[in-house]
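A.B. asks: I am sharing start-v3.txt, which consists of compact mmCIF, C-alpha atoms:
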# COMPACT_ATOMS: atom_id res chain seq x y z
CA MET U 1306 9.78 22.23 0.92
CA GLU U 1307 12.81 24.47 1.04
CA PHE U 1308 13.26 27.61 3.10
CA LEU U 1309 15.37 30.08 1.15
CA ARG U 1310 16.91 32.89 3.14
CA PRO U 1311 18.64 35.45 0.92
CA ALA U 1312 20.77 38.03 2.72
CA SER U 1313 20.65 40.61 -0.06
CA TRP U 1314 18.37 41.80 -2.85
CA PRO U 1315 20.62 40.47 -5.66
CA GLU U 1316 20.71 37.11 -3.91
CA ALA U 1317 16.92 37.13 -3.60
CA LEU U 1318 16.59 37.76 -7.35
CA SER U 1319 19.04 34.93 -8.14
CA LEU U 1320 17.17 32.53 -5.89
CA LYS U 1321 13.84 33.54 -7.47
CA ALA U 1322 15.30 32.98 -10.95
CA GLU U 1323 16.58 29.56 -9.95
CA ASN U 1324 13.37 28.67 -8.11
CA PRO U 1325 10.51 30.34 -9.97
CA GLU U 1326 8.00 28.32 -7.92
CA ALA U 1327 9.34 29.75 -4.68
CA VAL U 1328 6.73 31.87 -2.90
CA PRO U 1329 8.03 35.07 -1.34
CA ILE U 1330 7.16 35.72 2.29
CA ALA U 1331 7.43 39.06 4.11
CA GLY U 1332 4.85 39.58 6.87
CA GLY U 1333 3.39 36.13 6.34
CA THR U 1334 -0.12 37.23 7.24
CA ASP U 1335 -1.53 35.74 4.04
CA LEU U 1336 0.83 32.92 3.11
CA MET U 1337 1.05 31.39 6.59
CA VAL U 1338 -2.73 30.99 6.72
CA GLU U 1339 -2.55 28.93 3.54
CA LEU U 1340 0.32 26.84 4.91
CA ASN U 1341 -1.37 26.34 8.28
CA PHE U 1342 -4.53 25.12 6.58
CA ASP U 1343 -2.75 22.87 4.11
CA LYS U 1344 -4.11 24.87 1.17
CA ARG U 1345 -0.73 25.44 -0.36
CA ARG U 1346 2.47 23.45 -0.49
CA PRO U 1347 4.97 25.42 -2.58
CA PRO U 1348 8.30 23.70 -3.24
CA ALA U 1349 10.07 26.62 -1.62
CA ILE U 1350 9.49 29.71 0.51
CA LEU U 1351 11.63 32.76 -0.13
CA ASP U 1352 12.02 34.77 3.08
CA LEU U 1353 12.59 38.45 2.35
CA GLY U 1354 12.96 39.30 6.03
CA ARG U 1355 16.72 39.75 6.00
CA ILE U 1356 16.80 42.32 3.21
CA THR U 1357 16.83 45.54 5.20
CA GLU U 1358 16.38 47.89 2.24
CA LEU U 1359 12.90 46.43 1.71
CA THR U 1360 11.88 47.71 5.14
CA GLU U 1361 13.03 51.27 4.47
CA TRP U 1362 11.35 54.25 2.85
CA SER U 1363 12.66 57.55 1.55
CA GLU U 1364 11.40 60.69 -0.13
CA VAL U 1365 13.17 62.11 -3.17
CA ASP U 1366 11.86 64.98 -5.28
CA GLY U 1367 8.36 64.71 -3.92
CA VAL U 1368 8.05 60.97 -4.48
CA VAL U 1369 7.98 58.42 -1.68
CA TRP U 1370 9.90 55.21 -2.30
CA LEU U 1371 8.24 52.69 -0.04
CA GLY U 1372 10.09 49.40 0.43
CA ALA U 1373 7.87 46.40 -0.23
CA ALA U 1374 8.27 45.05 3.30
CA VAL U 1375 7.53 48.17 5.36
CA PRO U 1376 4.78 47.04 7.75
CA TYR U 1377 1.42 48.83 7.79
CA GLN U 1378 2.02 50.06 11.32
CA ARG U 1379 5.02 52.09 10.17
CA ILE U 1380 3.04 53.56 7.29
CA ILE U 1381 0.53 54.78 9.87
CA THR U 1382 3.10 56.27 12.25
CA GLU U 1383 5.69 57.53 9.76
CA LEU U 1384 3.89 58.30 6.51
CA ALA U 1385 0.41 59.60 7.37
CA ASP U 1386 1.43 63.13 6.33
CA ARG U 1387 2.94 62.13 2.99
CA LEU U 1388 0.63 59.27 2.02
CA PRO U 1389 -2.60 60.00 3.91
CA GLY U 1390 -4.86 57.75 1.83
CA LEU U 1391 -2.58 54.75 2.20
CA ALA U 1392 -2.14 55.42 5.91
CA MET U 1393 -5.92 55.55 6.39
CA ALA U 1394 -6.29 52.25 4.58
CA ALA U 1395 -3.47 50.77 6.66
CA ARG U 1396 -5.36 51.67 9.82
CA THR U 1397 -8.22 49.43 8.68
CA VAL U 1398 -6.03 46.38 8.10
CA GLY U 1399 -6.65 43.51 10.54
CA SER U 1400 -5.49 44.00 14.12
CA PRO U 1401 -2.39 45.63 15.63
CA GLN U 1402 -0.67 42.24 15.43
CA ILE U 1403 -1.46 41.98 11.71
CA ARG U 1404 -0.52 45.61 11.01
CA ASN U 1405 2.81 44.98 12.72
CA ARG U 1406 3.61 42.32 10.11
CA GLY U 1407 1.54 42.88 6.95
CA THR U 1408 3.12 44.81 4.09
CA VAL U 1409 2.07 46.66 0.95
CA GLY U 1410 4.39 44.42 -1.09
CA GLY U 1411 2.62 41.36 0.24
CA ASN U 1412 -0.79 42.90 -0.41
CA LEU U 1413 0.19 43.60 -4.02
CA GLY U 1414 1.73 40.16 -4.48
CA SER U 1415 -1.43 38.46 -3.27
CA ALA U 1416 -3.42 40.69 -5.66
CA SER U 1417 -6.69 40.07 -3.87
CA PRO U 1418 -9.59 42.19 -5.16
CA ALA U 1419 -10.15 43.09 -1.49
CA GLY U 1420 -6.61 44.23 -0.65
CA ASP U 1421 -6.93 47.32 1.53
CA ALA U 1422 -3.81 49.03 0.16
CA HIS U 1423 -4.92 48.82 -3.45
CA PRO U 1424 -7.58 51.57 -3.76
CA PRO U 1425 -5.38 54.34 -2.29
CA LEU U 1426 -2.45 53.26 -4.46
CA LEU U 1427 -4.70 53.47 -7.52
CA ALA U 1428 -6.10 56.86 -6.55
CA ALA U 1429 -2.63 58.33 -6.00
CA ASP U 1430 -1.07 57.07 -9.25
CA ALA U 1431 1.42 54.79 -7.53
CA VAL U 1432 3.77 52.59 -9.53
CA VAL U 1433 5.13 49.22 -8.51
CA GLU U 1434 8.86 48.70 -8.83
CA VAL U 1435 9.64 45.09 -9.68
CA ALA U 1436 12.90 43.38 -10.53
CA SER U 1437 14.45 40.14 -11.68
CA VAL U 1438 17.94 39.05 -12.66
CA ARG U 1439 16.98 40.43 -16.10
CA GLY U 1440 16.58 43.95 -14.74
CA ALA U 1441 14.14 46.29 -13.06
CA ARG U 1442 10.93 47.82 -14.38
CA THR U 1443 7.97 49.78 -13.08
CA ILE U 1444 4.31 48.92 -13.50
CA PRO U 1445 1.55 51.47 -12.86
CA VAL U 1446 -0.74 50.08 -10.17
CA SER U 1447 -3.65 50.49 -12.61
CA GLU U 1448 -1.95 47.89 -14.86
CA PHE U 1449 -0.72 45.63 -12.09
CA PHE U 1450 -3.83 43.56 -11.42
CA LEU U 1451 -4.75 41.09 -14.16
CA GLY U 1452 -7.45 39.08 -12.47
CA VAL U 1453 -8.54 37.59 -9.16
CA LYS U 1454 -5.25 37.04 -7.30
CA ARG U 1455 -3.31 37.44 -10.54
CA ALA U 1456 -0.67 40.16 -10.88
CA ALA U 1457 1.48 41.35 -13.78
CA LEU U 1458 4.60 39.74 -12.36
CA ALA U 1459 6.82 37.42 -14.37
CA GLU U 1460 7.67 34.20 -12.57
CA ASP U 1461 11.22 35.34 -11.85
CA GLU U 1462 10.20 38.81 -10.61
CA LEU U 1463 9.90 40.16 -7.09
CA ILE U 1464 8.24 43.34 -5.87
CA ARG U 1465 10.85 45.74 -4.55
CA ALA U 1466 8.95 48.90 -3.72
CA VAL U 1467 6.04 51.18 -4.45
CA ARG U 1468 6.66 54.71 -5.62
CA GLN U 1469 3.99 57.24 -4.90
CA PRO U 1470 3.95 61.03 -5.16
CA VAL U 1471 3.63 62.85 -1.85
CA ALA U 1472 -0.01 63.92 -1.48
CA ASP U 1473 -0.62 67.20 -3.30
CA GLY U 1474 -4.19 67.45 -2.02
CA PRO U 1475 -6.64 65.80 0.37
CA GLN U 1476 -7.03 62.04 0.26
CA GLN U 1477 -9.59 59.71 1.78
CA PHE U 1478 -10.22 56.02 2.16
CA SER U 1479 -13.45 54.45 3.30
CA LYS U 1480 -14.39 50.84 3.76
CA VAL U 1481 -17.55 48.91 4.49
CA GLY U 1482 -17.16 45.91 6.73
CA THR U 1483 -19.41 43.93 9.01
CA ARG U 1484 -17.61 45.25 12.07
CA ASN U 1485 -15.04 47.90 12.92
CA ALA U 1486 -11.98 45.71 13.22
CA MET U 1487 -10.43 42.56 11.80
CA VAL U 1488 -12.65 42.52 8.78
CA ILE U 1489 -12.19 42.06 5.07
CA ALA U 1490 -13.77 44.80 2.99
CA VAL U 1491 -17.27 44.23 1.63
CA CYS U 1492 -16.32 47.14 -0.59
CA SER U 1493 -13.98 50.07 -0.27
CA PHE U 1494 -13.18 53.32 -2.02
CA ALA U 1495 -10.25 55.74 -2.13
CA LEU U 1496 -10.20 59.29 -3.45
CA ALA U 1497 -7.23 61.59 -4.03
CA LEU U 1498 -7.55 65.22 -5.11
CA HIS U 1499 -4.69 66.62 -7.20
CA PRO U 1500 -5.29 70.40 -7.21
CA ALA U 1501 -2.02 71.22 -8.98
CA ARG U 1502 -3.07 69.18 -12.01
CA GLY U 1503 -6.76 69.80 -11.61
CA THR U 1504 -7.49 66.08 -11.56
CA VAL U 1505 -8.73 63.47 -9.12
CA GLY U 1506 -7.85 59.81 -8.66
CA THR U 1507 -10.13 57.00 -7.55
CA GLY U 1508 -9.75 53.41 -6.44
CA ILE U 1509 -12.46 50.79 -5.97
CA GLY U 1510 -11.86 47.74 -3.80
CA SER U 1511 -13.73 44.46 -3.37
CA ALA U 1512 -16.27 45.23 -6.08
CA ALA U 1513 -14.74 43.79 -9.27
CA PRO U 1514 -12.39 40.93 -10.20
CA THR U 1515 -9.53 43.36 -9.57
CA PRO U 1516 -9.14 46.66 -7.77
CA ARG U 1517 -9.86 49.33 -10.37
CA ARG U 1518 -10.31 53.03 -10.99
CA ALA U 1519 -13.49 54.80 -12.00
CA PRO U 1520 -12.30 56.84 -15.03
CA ALA U 1521 -15.64 58.40 -15.94
CA ALA U 1522 -16.14 59.58 -12.37
CA GLU U 1523 -12.62 61.05 -12.35
CA ALA U 1524 -13.26 62.87 -15.63
CA LEU U 1525 -16.52 64.31 -14.33
CA LEU U 1526 -14.84 65.94 -11.35
CA ALA U 1527 -11.84 67.11 -13.36
CA GLY U 1528 -14.25 68.97 -15.62
CA GLU U 1529 -16.51 70.40 -12.91
CA LEU U 1530 -14.44 71.28 -9.84
CA ASP U 1531 -13.40 74.89 -9.55
CA TRP U 1532 -9.97 74.65 -7.91
CA GLN U 1533 -9.31 78.41 -7.91
CA GLN U 1534 -12.54 79.41 -6.27
CA PRO U 1535 -13.67 76.28 -4.47
CA LYS U 1536 -17.35 76.64 -3.68
CA PRO U 1537 -19.63 74.14 -1.95
CA LEU U 1538 -20.31 71.21 -4.24
CA PRO U 1539 -23.60 71.19 -6.16
CA GLU U 1540 -25.67 68.27 -4.91
CA GLY U 1541 -26.25 67.02 -8.42
CA LEU U 1542 -22.51 66.73 -9.03
CA VAL U 1543 -22.00 64.70 -5.86
CA ILE U 1544 -24.84 62.36 -6.75
CA ARG U 1545 -23.60 61.92 -10.31
CA PHE U 1546 -20.11 61.17 -9.03
CA GLY U 1547 -21.48 58.41 -6.82
CA GLU U 1548 -23.45 56.96 -9.72
CA LEU U 1549 -20.39 56.89 -11.98
CA VAL U 1550 -18.26 55.21 -9.29
CA ALA U 1551 -20.95 52.58 -8.76
CA ALA U 1552 -21.23 52.08 -12.51
CA ALA U 1553 -17.48 51.45 -12.77
CA ALA U 1554 -17.72 48.49 -10.40
CA ALA U 1555 -18.49 44.92 -11.42
CA PRO U 1556 -19.36 43.31 -8.11
CA ILE U 1557 -20.55 39.80 -7.40
CA ASP U 1558 -22.99 38.35 -4.90
CA ASP U 1559 -21.11 36.46 -2.23
CA VAL U 1560 -21.24 35.62 1.46
CA ARG U 1561 -20.17 39.11 2.44
CA GLY U 1562 -22.71 41.07 0.44
CA SER U 1563 -24.83 41.22 -2.66
CA ALA U 1564 -23.71 42.94 -5.85
CA ALA U 1565 -26.60 45.39 -5.50
CA TYR U 1566 -25.57 46.26 -1.95
CA ARG U 1567 -21.96 46.79 -2.99
CA ARG U 1568 -23.01 49.15 -5.81
CA HIS U 1569 -25.21 51.10 -3.47
CA ALA U 1570 -22.54 51.27 -0.76
CA LEU U 1571 -19.87 52.38 -3.24
CA ALA U 1572 -22.01 55.30 -4.33
CA VAL U 1573 -22.39 56.29 -0.67
CA LEU U 1574 -18.64 55.97 -0.01
CA ALA U 1575 -17.89 57.99 -3.13
CA ARG U 1576 -20.23 60.81 -2.11
CA ARG U 1577 -18.87 60.89 1.44
CA THR U 1578 -15.19 60.84 0.50
CA LEU U 1579 -15.81 63.57 -2.06
CA ALA U 1580 -17.55 65.73 0.52
CA TRP U 1581 -14.76 65.18 3.07
CA THR U 1582 -11.87 65.83 0.69
CA TRP U 1583 -13.50 68.88 -0.89
CA GLN U 1584 -14.24 70.33 2.55
CA ASP U 1585 -10.59 69.79 3.50
CA TYR U 1586 -9.47 71.42 0.26
CA ARG U 1587 -11.73 74.43 0.70
CA SER U 1588 -10.55 74.98 4.27
CA GLY U 1589 -6.88 74.41 3.39
CA ARG U 1590 -6.69 71.64 5.99
CA TRP U 1591 -5.04 69.21 3.64
CA SER U 1592 -1.58 70.72 3.93
CA ARG U 1593 1.10 68.25 4.96
CA CYS U 1594 1.55 69.69 8.40
CA ALA U 1595 -2.17 69.42 9.19
CA MET Z 833 16.08 22.62 9.25
CA ARG Z 834 17.48 24.10 12.42
CA VAL Z 835 16.25 27.39 13.88
CA ASN Z 836 18.26 29.38 16.44
CA LEU Z 837 16.48 32.08 18.37
CA THR Z 838 16.39 33.78 21.73
CA VAL Z 839 13.30 32.98 23.75
CA ASN Z 840 12.57 34.90 26.94
CA GLY Z 841 16.20 35.91 27.13
CA GLU Z 842 17.70 32.45 26.60
CA PRO Z 843 19.29 31.14 23.42
CA ARG Z 844 17.24 28.21 22.14
CA GLN Z 845 17.54 25.83 19.22
CA ALA Z 846 14.88 23.85 17.42
CA ASP Z 847 15.81 20.95 15.15
CA ASP Z 848 13.97 19.16 12.35
CA VAL Z 849 11.78 22.18 11.79
CA TRP Z 850 9.62 21.83 8.69
CA PRO Z 851 10.11 24.95 6.50
CA GLY Z 852 6.39 25.73 6.42
CA GLU Z 853 6.07 25.45 10.17
CA SER Z 854 4.94 28.40 12.27
CA LEU Z 855 6.80 30.02 15.13
CA LEU Z 856 3.81 29.06 17.28
CA TYR Z 857 4.39 25.35 16.60
CA VAL Z 858 8.08 25.71 17.42
CA LEU Z 859 7.30 27.45 20.70
CA ARG Z 860 4.65 25.01 21.83
CA GLU Z 861 5.70 21.67 20.44
CA ARG Z 862 9.47 21.92 20.18
CA LEU Z 863 10.44 24.26 22.98
CA GLY Z 864 7.79 23.27 25.50
CA LEU Z 865 6.25 26.70 25.93
CA PRO Z 866 2.47 26.15 25.82
CA GLY Z 867 1.56 29.63 27.08
CA SER Z 868 0.84 30.94 23.58
CA LYS Z 869 -2.34 29.19 22.57
CA ASN Z 870 -3.06 27.55 19.25
CA ALA Z 871 -6.59 28.31 18.18
CA CYS Z 872 -7.48 29.81 14.82
CA GLU Z 873 -4.11 29.56 13.02
CA GLN Z 874 -5.10 32.49 10.81
CA GLY Z 875 -4.34 35.56 12.88
CA GLU Z 876 -7.96 36.18 13.81
CA CYS Z 877 -8.01 35.32 17.50
CA GLY Z 878 -4.75 36.69 18.87
CA SER Z 879 -4.37 33.91 21.43
CA CYS Z 880 -0.85 33.16 20.13
CA THR Z 881 0.37 36.77 20.46
CA VAL Z 882 4.07 37.05 21.34
CA TYR Z 883 6.70 39.73 21.04
CA LEU Z 884 9.01 39.23 18.07
CA ASP Z 885 11.95 41.61 18.47
CA ASP Z 886 9.74 43.67 20.81
CA THR Z 887 6.78 43.88 18.40
CA PRO Z 888 3.55 42.00 19.15
CA VAL Z 889 2.73 39.53 16.40
CA CYS Z 890 0.61 36.44 15.89
CA ALA Z 891 3.10 33.59 16.29
CA CYS Z 892 0.92 31.45 14.02
CA LEU Z 893 1.66 33.81 11.11
CA VAL Z 894 5.43 33.90 11.48
CA ALA Z 895 7.27 31.18 9.59
CA ALA Z 896 9.66 29.49 11.99
CA GLY Z 897 12.61 30.28 9.74
CA GLN Z 898 11.77 33.97 9.89
CA ALA Z 899 12.53 33.90 13.62
CA GLU Z 900 16.12 32.78 13.01
CA GLY Z 901 18.44 34.95 15.06
CA ARG Z 902 15.59 36.99 16.47
CA ALA Z 903 14.29 37.51 20.00
CA VAL Z 904 10.91 36.17 21.08
CA ARG Z 905 9.15 36.99 24.33
CA THR Z 906 6.17 34.88 25.24
CA VAL Z 907 3.66 35.25 28.06
CA GLU Z 908 5.94 32.92 30.06
CA GLY Z 909 8.62 35.60 29.85
CA LEU Z 910 6.59 38.39 31.43
CA ALA Z 911 6.50 37.24 35.06
CA THR Z 912 9.59 36.95 37.22
CA GLU Z 913 10.30 33.96 39.49
CA GLU Z 914 8.66 35.79 42.37
CA ASP Z 915 6.06 38.11 40.88
CA LEU Z 916 3.44 38.23 38.24
CA ASP Z 917 3.76 41.04 35.75
CA PRO Z 918 1.50 43.94 36.83
CA VAL Z 919 -0.70 43.25 33.80
CA GLN Z 920 -1.13 39.63 34.85
CA GLN Z 921 -1.87 40.78 38.40
CA ALA Z 922 -4.52 43.18 37.11
CA PHE Z 923 -6.21 40.41 35.11
CA VAL Z 924 -6.33 38.23 38.23
CA GLU Z 925 -7.72 40.99 40.43
CA ALA Z 926 -10.28 42.18 37.92
CA GLY Z 927 -11.50 38.64 37.36
CA ALA Z 928 -10.73 39.03 33.66
CA VAL Z 929 -10.06 35.32 33.33
CA GLN Z 930 -12.65 32.65 32.78
CA CYS Z 931 -11.58 29.63 30.76
CA GLY Z 932 -8.20 31.27 30.28
CA PHE Z 933 -7.63 30.32 26.69
CA CYS Z 934 -7.49 33.88 25.35
CA THR Z 935 -5.68 35.21 28.42
CA PRO Z 936 -2.04 34.84 27.31
CA GLY Z 937 -2.70 36.73 24.08
CA LEU Z 938 -4.69 39.43 25.84
CA ILE Z 939 -1.95 39.79 28.47
CA VAL Z 940 0.73 40.32 25.82
CA ALA Z 941 -1.46 42.75 23.83
CA THR Z 942 -2.27 44.69 27.02
CA HIS Z 943 1.38 44.64 28.11
CA ASP Z 944 2.27 46.30 24.82
CA LEU Z 945 -0.58 48.82 25.04
CA VAL Z 946 0.17 50.10 28.54
CA ARG Z 947 3.88 50.52 27.91
CA ARG Z 948 3.13 52.59 24.77
CA ASN Z 949 0.16 54.51 26.08
CA ALA Z 950 0.13 55.60 29.70
CA LYS Z 951 -3.51 56.69 29.71
CA PRO Z 952 -5.38 54.75 27.06
CA THR Z 953 -8.94 55.82 26.43
CA ASP Z 954 -11.64 53.18 26.08
CA PRO Z 955 -11.66 53.45 22.28
CA GLU Z 956 -7.86 53.08 22.30
CA ILE Z 957 -8.12 50.00 24.51
CA ARG Z 958 -10.73 48.51 22.19
CA GLU Z 959 -8.61 49.20 19.15
CA ALA Z 960 -5.50 47.74 20.77
CA LEU Z 961 -7.36 44.56 21.75
CA ALA Z 962 -9.33 44.22 18.51
CA GLY Z 963 -7.14 41.31 17.45
CA ASN Z 964 -7.87 39.22 20.54
CA LEU Z 965 -11.04 37.20 20.78
CA CYS Z 966 -12.59 35.93 23.99
CA ARG Z 967 -15.67 33.73 23.92
CA CYS Z 968 -16.59 33.81 27.59
CA THR Z 969 -15.83 36.94 29.60
CA GLY Z 970 -17.95 39.34 27.61
CA TYR Z 971 -14.89 41.62 27.66
CA GLU Z 972 -16.11 43.96 30.38
CA LYS Z 973 -13.77 42.54 33.02
CA ILE Z 974 -10.96 42.50 30.49
CA LEU Z 975 -11.51 46.22 29.92
CA ASP Z 976 -11.50 46.70 33.71
CA ALA Z 977 -8.21 44.83 33.91
CA VAL Z 978 -6.61 46.97 31.23
CA ARG Z 979 -7.79 50.16 32.93
CA LEU Z 980 -6.41 48.87 36.23
CA ALA Z 981 -3.07 47.91 34.71
CA ALA Z 982 -2.75 51.29 33.02
CA ALA Z 983 -3.70 53.20 36.18
CA ARG Z 984 -1.18 51.30 38.29
CA ARG Z 985 1.54 51.83 35.78
CA GLU Z 986 0.77 55.53 35.71
CA GLU Z 987 0.85 55.67 39.54
CA ALA Z 988 4.19 53.91 39.61
CA ARG Z 989 5.79 56.44 37.31
Mind converting the file's structure to structure tokens?

C.D. replies:
Amino acid sequence: MEFLRPASWPEALSLKAENPEAVPIAGGTDLMVELNFDKRRPPAILDLGRITELTEWSEVDGVVWLGAAVPYQRIITELADRLPGLAMAARTVGSPQIRNRGTVGGNLGSASPAGDAHPPLLAADAVVEVASVRGARTIPVSEFFLGVKRAALAEDELIRAVRQPVADGPQQFSKVGTRNAMVIAVCSFALALHPARGTVGTGIGSAAPTPRRAPAAEALLAGELDWQQPKPLPEGLVIRFGELVAAAAAPIDDVRGSAAYRRHALAVLARRTLAWTWQDYRSGRWSRCA
Amino acid sequence: MRVNLTVNGEPRQADDVWPGESLLYVLRERLGLPGSKNACEQGECGSCTVYLDDTPVCACLVAAGQAEGRAVRTVEGLATEEDLDPVQQAFVEAGAVQCGFCTPGLIVATHDLVRRNAKPTDPEIREALAGNLCRCTGYEKILDAVRLAAARREEAR
């Protein structure tokens, strides 16, 4: 096994092109477990830890450029106002030690159906910026996941950043786990309201082969919510929203929960997050300085 | 491969490091620092918690090569020649130690908490220690120790 240590992004891309089997490592919270348990023996590891630009973020024209290797802890402390849904999800990742190391780039690269960052990225229309020696391109998060632990990355490509619009309305993330900390999601759900466009975004986690949106549920709310004169939500609308979110999932029975439980729980999470975000919208509490 | 790093303030070098090896293995097996414990090797138990460039991490989840040129502080680096660190002293006095296996990780996690948060509430203590498992104390005395360490630190300010 080789340990490749590029000092710059162009060098990282060259090394990845020359060693397509090389596995990138940032926080290591996923890959090191596989190495420690002898489940994976890649011919090379590509350490992205020296590339400082990957650990930076910036905001330009209302869009946050989030370097792939910014740890979750910094998303919580530095970006909760701009990316509230992602920051909420980051707070549910592992322990402080894990949040100090784990990154959104790593979460995307692993492409687990249960990745905590994925639902809020989906709900907020994030795009993934990837690059290779052939050039850079962007992939909408909704097109990024191809299957269980399979992402739309060519073998010479690396994830550079995520670009996500600054929240233009309330966002929420909610997760069901068997305890409050250090737990992989049994299922999770993210909701983002976009009052300016009159739309909403959703993201379902841990309840299908890939993280996915619930388009019918989104369309329902886009057609029914009165953004100009926001009144309390009709109960029927909230219930229907939950049903459509649950219907968009394709969960399995596994050790963490049954498919039926996941569907039921998703409907509950959908109803709750809708109630919370709409309440925030009605009271104006979603503003960035809140 | 060779890895150069600073451990507890001293430059150290580890040779013949396998590229997939963890920082924890380097610390324990190559540098003779067994304070950080090797238990779950998947970041669940926190018993290998060390500071990496002043940030608490699970040493089992850091590839040794990622520590090149960086500073590591282990539980061995908290006490001075003469005195225990106040957090260690609080754990001793509160009887927060039984078999001791989880203690080094809990000490480092607590050390980080009390320097960041002068008056942690119980929920904040629980959240800060959520990555550290203990299978024998029942945690109550650990919580007492953290409260004691925080109170003493606040008094000393």

A.B. asks: What are the closest atom pairs, with distances in Å to one decimal, for all residues of chain Z lying within 8 Å of chain U? Consider all atoms listed in the file, order rows by chain and residue number, and present the result as JSON lines.

C.D. replies:
{"residue": "Z:Trp850", "atom": "CA", "partner": "U:Met1306", "partner_atom": "CA", "distance": 7.8}
{"residue": "Z:Pro851", "atom": "CA", "partner": "U:Phe1308", "partner_atom": "CA", "distance": 5.3}
{"residue": "Z:Gly852", "atom": "CA", "partner": "U:Leu1340", "partner_atom": "CA", "distance": 6.4}
{"residue": "Z:Glu853", "atom": "CA", "partner": "U:Asn1341", "partner_atom": "CA", "distance": 7.7}
{"residue": "Z:Ser854", "atom": "CA", "partner": "U:Met1337", "partner_atom": "CA", "distance": 7.5}
{"residue": "Z:Glu873", "atom": "CA", "partner": "U:Asn1341", "partner_atom": "CA", "distance": 6.4}
{"residue": "Z:Gln874", "atom": "CA", "partner": "U:Val1338", "partner_atom": "CA", "distance": 5.0}
{"residue": "Z:Gly875", "atom": "CA", "partner": "U:Ile1403", "partner_atom": "CA", "distance": 7.1}
{"residue": "Z:Glu876", "atom": "CA", "partner": "U:Met1487", "partner_atom": "CA", "distance": 7.1}
{"residue": "Z:Gly878", "atom": "CA", "partner": "U:Gln1402", "partner_atom": "CA", "distance": 7.7}
{"residue": "Z:Thr881", "atom": "CA", "partner": "U:Gln1402", "partner_atom": "CA", "distance": 7.5}
{"residue": "Z:Thr887", "atom": "CA", "partner": "U:Asn1405", "partner_atom": "CA", "distance": 7.0}
{"residue": "Z:Pro888", "atom": "CA", "partner": "U:Gln1402", "partner_atom": "CA", "distance": 5.6}
{"residue": "Z:Val889", "atom": "CA", "partner": "U:Gln1402", "partner_atom": "CA", "distance": 4.5}
{"residue": "Z:Cys890", "atom": "CA", "partner": "U:Gln1402", "partner_atom": "CA", "distance": 6.0}
{"residue": "Z:Cys892", "atom": "CA", "partner": "U:Met1337", "partner_atom": "CA", "distance": 7.4}
{"residue": "Z:Leu893", "atom": "CA", "partner": "U:Met1337", "partner_atom": "CA", "distance": 5.2}
{"residue": "Z:Val894", "atom": "CA", "partner": "U:Gly1333", "partner_atom": "CA", "distance": 6.0}
{"residue": "Z:Ala895", "atom": "CA", "partner": "U:Met1337", "partner_atom": "CA", "distance": 6.9}
{"residue": "Z:Gly897", "atom": "CA", "partner": "U:Phe1308", "partner_atom": "CA", "distance": 7.2}
{"residue": "Z:Gln898", "atom": "CA", "partner": "U:Gly1354", "partner_atom": "CA", "distance": 6.7}
{"residue": "Z:Glu959", "atom": "CA", "partner": "U:Ala1486", "partner_atom": "CA", "distance": 7.7}
{"residue": "Z:Ala960", "atom": "CA", "partner": "U:Pro1401", "partner_atom": "CA", "distance": 6.4}
{"residue": "Z:Leu961", "atom": "CA", "partner": "U:Ser1400", "partner_atom": "CA", "distance": 7.9}
{"residue": "Z:Ala962", "atom": "CA", "partner": "U:Ser1400", "partner_atom": "CA", "distance": 5.8}
{"residue": "Z:Gly963", "atom": "CA", "partner": "U:Ser1400", "partner_atom": "CA", "distance": 4.6}

A.B. asks: Please identify all polymer residues lying at most 9 Å from the point (-5.0, 54.6, -0.4) (file coordinates), using all atoms listed in the file, and present the result as an MDAnalysis selection string.

C.D. replies: chainID U and resid 1388:1395 1421:1429 1476:1478 1494:1497 1508

A.B. asks: Quick one, how far is atom CA of Pro1539 of chain U from atom CA of Ala1580 of chain U?

C.D. replies: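 Answer for the atom CA of Pro1539 of chain U to atom CA of Ala1580 of chain U separation: 10.5 Å.
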
A.B. asks: May I ask for the distance between atom CA of Leu965 of chain Z and atom CA of Phe923 of chain Z, given in Å to one decimal place?

C.D. replies: 15.5 Å

A.B. asks: Between atom CA of Val946 of chain Z and atom CA of Asn840 of chain Z, what is the distance in Å, rounded to a tenth?

C.D. replies: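 A separation of 19.7 Å between them.
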
A.B. asks: Please return as a PyMOL selection string every residue within 9 Å of (-5.0, 63.9, -6.5), taking into account all atoms listed in the file and the file's own coordinates.

C.D. replies: chain U and resi 1428-1430+1472-1476+1496-1507

A.B. asks: Might you pull out every residue within 8 Å of Leu1451 of chain U, with only C-alpha atoms counted and same-chain residues fewer than 5 positions away left off, and present them as an MDAnalysis selection string?

C.D. replies: chainID U and resid 1456:1457 1515

A.B. asks: Using all atoms listed in the file, find the one residue out of Z:Glu900, Z:Asp944, Z:Asp917, Z:Glu861 that sits nearest to Val882 of chain Z.

C.D. replies: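 Result for the nearest residue to Val882 of chain Z: Z:Asp944.
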
A.B. asks: Name the closest residue to Lys973 of chain Z among the candidates Z:Ala926, Z:Val849, Z:Leu837, Z:Ala950; distances are taken between atoms, counting all atoms listed in the file.

C.D. replies: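 Once distances to Lys973 of chain Z are computed over all atoms listed in the file, the minimum belongs to Z:Ala926.
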
A.B. asks: For Lys869 of chain Z, which residue among Z:Gly927, Z:Gly932, Z:Pro955, Z:Gly970 is the nearest when counting all atoms listed in the file?

C.D. replies: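 Under the stated criterion, the closest residue is Z:Gly932.
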
A.B. asks: What are the closest atom pairs, with distances in Å to one decimal, for each residue of segment 1443-1546 of chain U lying within 9 Å of segment 1357-1367 of chain U, using all atoms listed in the file, rows by chain and rising residue number, as CSV?

C.D. replies:
residue,atom,partner,partner_atom,distance
U:Arg1465,CA,U:Leu1359,CA,6.6
U:Ala1466,CA,U:Leu1359,CA,7.2
U:Gln1469,CA,U:Gly1367,CA,8.7
U:Pro1470,CA,U:Gly1367,CA,5.9
U:Val1471,CA,U:Gly1367,CA,5.5
U:Ala1472,CA,U:Gly1367,CA,8.8
